[in-house]
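Some notes on the structure that comes next.
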Amino acid sequence: MASKAQRDKSRAREVRVVDLRLQGWGFEQIAAEVGYADRAGAHKAFSRAMRAALEEQAADRDELAQAELERLDWVIRSMAPALAMGDHRAAQAILGAIDRRTRLLGLDAPQRAEVTIHEPPGSEAERQQRLAAVAAELMRRAEAGGGPLDDEALLSGPRPDMPGLDES
(Lines give C-alpha, C1' and ligand atoms only; values in the text may rest on other atoms or scores of the structure.)
Protein backbone atom coordinates (compact mmCIF):
# COMPACT_ATOMS: atom_id res chain seq x y z
CA MET A 1 0.00 0.00 0.00
CA ALA A 2 1.34 3.42 -0.96
CA SER A 3 2.20 5.93 1.73
CA LYS A 4 0.56 9.34 1.90
CA ALA A 5 3.72 10.93 0.52
CA GLN A 6 3.71 8.53 -2.47
CA ARG A 7 0.01 9.19 -3.13
CA ASP A 8 0.61 12.95 -2.96
CA LYS A 9 3.54 12.68 -5.38
CA SER A 10 1.47 10.53 -7.74
CA ARG A 11 -1.42 12.99 -7.56
CA ALA A 12 0.93 15.90 -8.31
CA ARG A 13 2.24 14.07 -11.38
CA GLU A 14 -1.32 13.41 -12.56
CA VAL A 15 -2.16 17.10 -12.15
CA ARG A 16 0.93 17.97 -14.19
CA VAL A 17 -0.11 15.47 -16.89
CA VAL A 18 -3.56 17.06 -17.14
CA ASP A 19 -2.06 20.54 -17.25
CA LEU A 20 0.29 19.60 -20.10
CA ARG A 21 -2.47 17.80 -21.97
CA LEU A 22 -4.68 20.88 -21.72
CA GLN A 23 -1.80 22.87 -23.21
CA GLY A 24 -1.92 20.57 -26.24
CA TRP A 25 1.01 18.29 -25.47
CA GLY A 26 0.95 14.73 -26.82
CA PHE A 27 1.23 11.74 -24.49
CA GLU A 28 4.77 10.93 -25.78
CA GLN A 29 5.93 14.45 -24.85
CA ILE A 30 4.14 14.31 -21.50
CA ALA A 31 5.72 10.96 -20.64
CA ALA A 32 9.20 12.33 -21.32
CA GLU A 33 8.53 15.56 -19.39
CA VAL A 34 6.87 14.04 -16.31
CA GLY A 35 8.94 10.84 -16.14
CA TYR A 36 6.71 8.03 -17.35
CA ALA A 37 8.34 5.14 -19.22
CA ASP A 38 6.10 5.58 -22.25
CA ARG A 39 3.00 7.23 -23.59
CA ALA A 40 0.79 4.53 -22.03
CA GLY A 41 1.91 5.56 -18.54
CA ALA A 42 1.09 9.19 -19.25
CA HIS A 43 -2.28 8.20 -20.73
CA LYS A 44 -3.12 6.07 -17.67
CA ALA A 45 -2.21 8.97 -15.36
CA PHE A 46 -4.42 11.29 -17.41
CA SER A 47 -7.31 8.79 -17.24
CA ARG A 48 -6.91 8.38 -13.47
CA ALA A 49 -6.94 12.14 -12.98
CA MET A 50 -10.06 12.57 -15.14
CA ARG A 51 -11.84 9.73 -13.34
CA ALA A 52 -10.96 11.26 -9.95
CA ALA A 53 -12.23 14.67 -11.10
CA LEU A 54 -15.53 13.14 -12.24
CA GLU A 55 -15.93 11.30 -8.94
CA GLU A 56 -15.29 14.54 -7.02
CA GLN A 57 -17.86 16.37 -9.15
CA ALA A 58 -20.42 13.61 -8.56
CA ALA A 59 -19.82 13.76 -4.81
CA ASP A 60 -20.13 17.56 -4.85
CA ARG A 61 -23.33 17.33 -6.89
CA ASP A 62 -24.82 14.80 -4.48
CA GLU A 63 -23.88 17.01 -1.53
CA LEU A 64 -25.43 20.08 -3.14
CA ALA A 65 -28.57 18.17 -4.10
CA GLN A 66 -28.96 16.93 -0.53
CA ALA A 67 -28.59 20.47 0.84
CA GLU A 68 -31.19 21.72 -1.66
CA LEU A 69 -33.60 18.94 -0.68
CA GLU A 70 -33.22 19.89 2.98
CA ARG A 71 -34.02 23.54 2.13
CA LEU A 72 -37.11 22.49 0.22
CA ASP A 73 -38.21 20.32 3.14
CA TRP A 74 -37.78 23.33 5.42
CA VAL A 75 -39.94 25.48 3.10
CA ILE A 76 -42.68 22.86 3.07
CA ARG A 77 -42.57 22.37 6.87
CA SER A 78 -42.52 26.10 7.60
CA MET A 79 -45.47 26.82 5.27
CA ALA A 80 -47.63 23.91 6.46
CA PRO A 81 -49.25 25.82 9.37
CA ALA A 82 -50.21 28.71 7.07
CA LEU A 83 -51.60 26.24 4.54
CA ALA A 84 -53.70 24.62 7.26
CA MET A 85 -55.21 28.06 7.93
CA GLY A 86 -56.15 28.44 4.25
CA ASP A 87 -53.35 30.78 3.13
CA HIS A 88 -53.28 30.59 -0.67
CA ARG A 89 -49.74 32.02 -0.87
CA ALA A 90 -48.54 29.22 1.38
CA ALA A 91 -50.19 26.70 -0.96
CA GLN A 92 -48.37 28.28 -3.93
CA ALA A 93 -45.05 28.19 -2.06
CA ILE A 94 -45.52 24.55 -1.12
CA LEU A 95 -46.51 23.59 -4.66
CA GLY A 96 -43.45 25.43 -5.97
CA ALA A 97 -41.21 23.57 -3.52
CA ILE A 98 -42.79 20.24 -4.47
CA ASP A 99 -42.31 21.04 -8.17
CA ARG A 100 -38.67 21.95 -7.61
CA ARG A 101 -38.13 18.80 -5.54
CA THR A 102 -39.56 16.52 -8.24
CA ARG A 103 -37.38 18.17 -10.90
CA LEU A 104 -34.28 17.91 -8.70
CA LEU A 105 -34.94 14.21 -8.12
CA GLY A 106 -35.76 13.60 -11.79
CA LEU A 107 -39.25 12.35 -11.01
CA ASP A 108 -41.03 14.33 -13.73
CA ALA A 109 -41.68 12.52 -16.97
CA PRO A 110 -39.48 13.76 -19.78
CA GLN A 111 -41.14 16.32 -22.00
CA ARG A 112 -41.71 15.30 -25.57
CA ALA A 113 -40.69 17.66 -28.35
CA GLU A 114 -41.45 17.19 -32.00
CA VAL A 115 -38.88 18.44 -34.47
CA THR A 116 -39.56 18.77 -38.17
CA ILE A 117 -36.79 19.35 -40.67
CA HIS A 118 -37.87 20.71 -44.01
CA GLU A 119 -35.70 19.54 -46.87
CA PRO A 120 -35.68 21.54 -50.07
CA PRO A 121 -37.34 19.69 -52.96
CA GLY A 122 -35.28 17.54 -55.30
CA SER A 123 -32.50 15.05 -54.88
CA GLU A 124 -29.24 15.71 -53.10
CA ALA A 125 -27.51 16.06 -56.48
CA GLU A 126 -30.07 18.66 -57.59
CA ARG A 127 -29.63 20.61 -54.35
CA GLN A 128 -25.86 20.56 -54.74
CA GLN A 129 -26.18 21.69 -58.35
CA ARG A 130 -28.45 24.56 -57.29
CA LEU A 131 -26.08 25.55 -54.49
CA ALA A 132 -23.17 25.56 -56.94
CA ALA A 133 -25.18 27.80 -59.30
CA VAL A 134 -25.97 30.22 -56.46
CA ALA A 135 -22.30 30.28 -55.45
CA ALA A 136 -21.26 30.92 -59.06
CA GLU A 137 -23.74 33.79 -59.34
CA LEU A 138 -22.46 35.31 -56.11
CA MET A 139 -18.89 35.11 -57.43
CA ARG A 140 -19.97 36.67 -60.75
CA ARG A 141 -21.65 39.56 -58.93
CA ALA A 142 -18.69 40.07 -56.62
CA GLU A 143 -16.28 40.15 -59.58
CA ALA A 144 -18.57 42.53 -61.47
CA GLY A 145 -18.49 44.83 -58.47
CA GLY A 146 -22.10 44.99 -57.57
CA GLY A 147 -25.59 43.72 -57.57
CA PRO A 148 -27.64 43.13 -54.48
CA LEU A 149 -26.88 39.95 -52.58
CA ASP A 150 -30.46 39.33 -51.54
CA ASP A 151 -31.04 35.76 -50.33
CA GLU A 152 -34.69 35.84 -51.32
CA ALA A 153 -33.87 37.04 -54.83
CA LEU A 154 -31.14 34.42 -55.23
CA LEU A 155 -33.26 31.53 -54.08
CA SER A 156 -36.70 32.32 -55.47
CA GLY A 157 -38.00 31.37 -58.87
CA PRO A 158 -36.45 31.60 -62.33
CA ARG A 159 -34.40 34.72 -62.96
CA PRO A 160 -33.51 35.99 -66.44
CA ASP A 161 -30.38 37.64 -65.04
CA MET A 162 -29.31 34.35 -63.36
CA PRO A 163 -29.17 31.56 -65.94
CA GLY A 164 -29.31 28.06 -64.50
CA LEU A 165 -31.12 29.12 -61.35
CA ASP A 166 -34.59 27.93 -62.13
CA GLU A 167 -36.84 26.36 -59.49
CA SER A 168 -36.02 22.68 -59.17
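Ligands are numbered from 1 in the order shown, chains are lettered A, B, ... in the order of the C-alpha coordinates, and residues start at 1 in each chain.
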
(message) Which residues are close to A:Glu68, i.e. within 12 Å by only C-alpha atoms, leaving aside same-chain residues fewer than 6 positions away? Reply as an MDAnalysis selection string.
(response) chainID A and resid 61:62 74:75 97 100:105

(message) Between atom CA of A:Leu72 and atom CA of A:Ala53, what distance in Å does the model show, to one decimal?
(response) 28.4 Å

(message) Just want the 12 Å neighbourhood of A:Gly41, counted on only C-alpha atoms, with same-chain residues fewer than 6 positions away dropped. Output as number ranges by chain.
(response) A: 10, 13-14, 17, 27-32, 34-35, 47-48
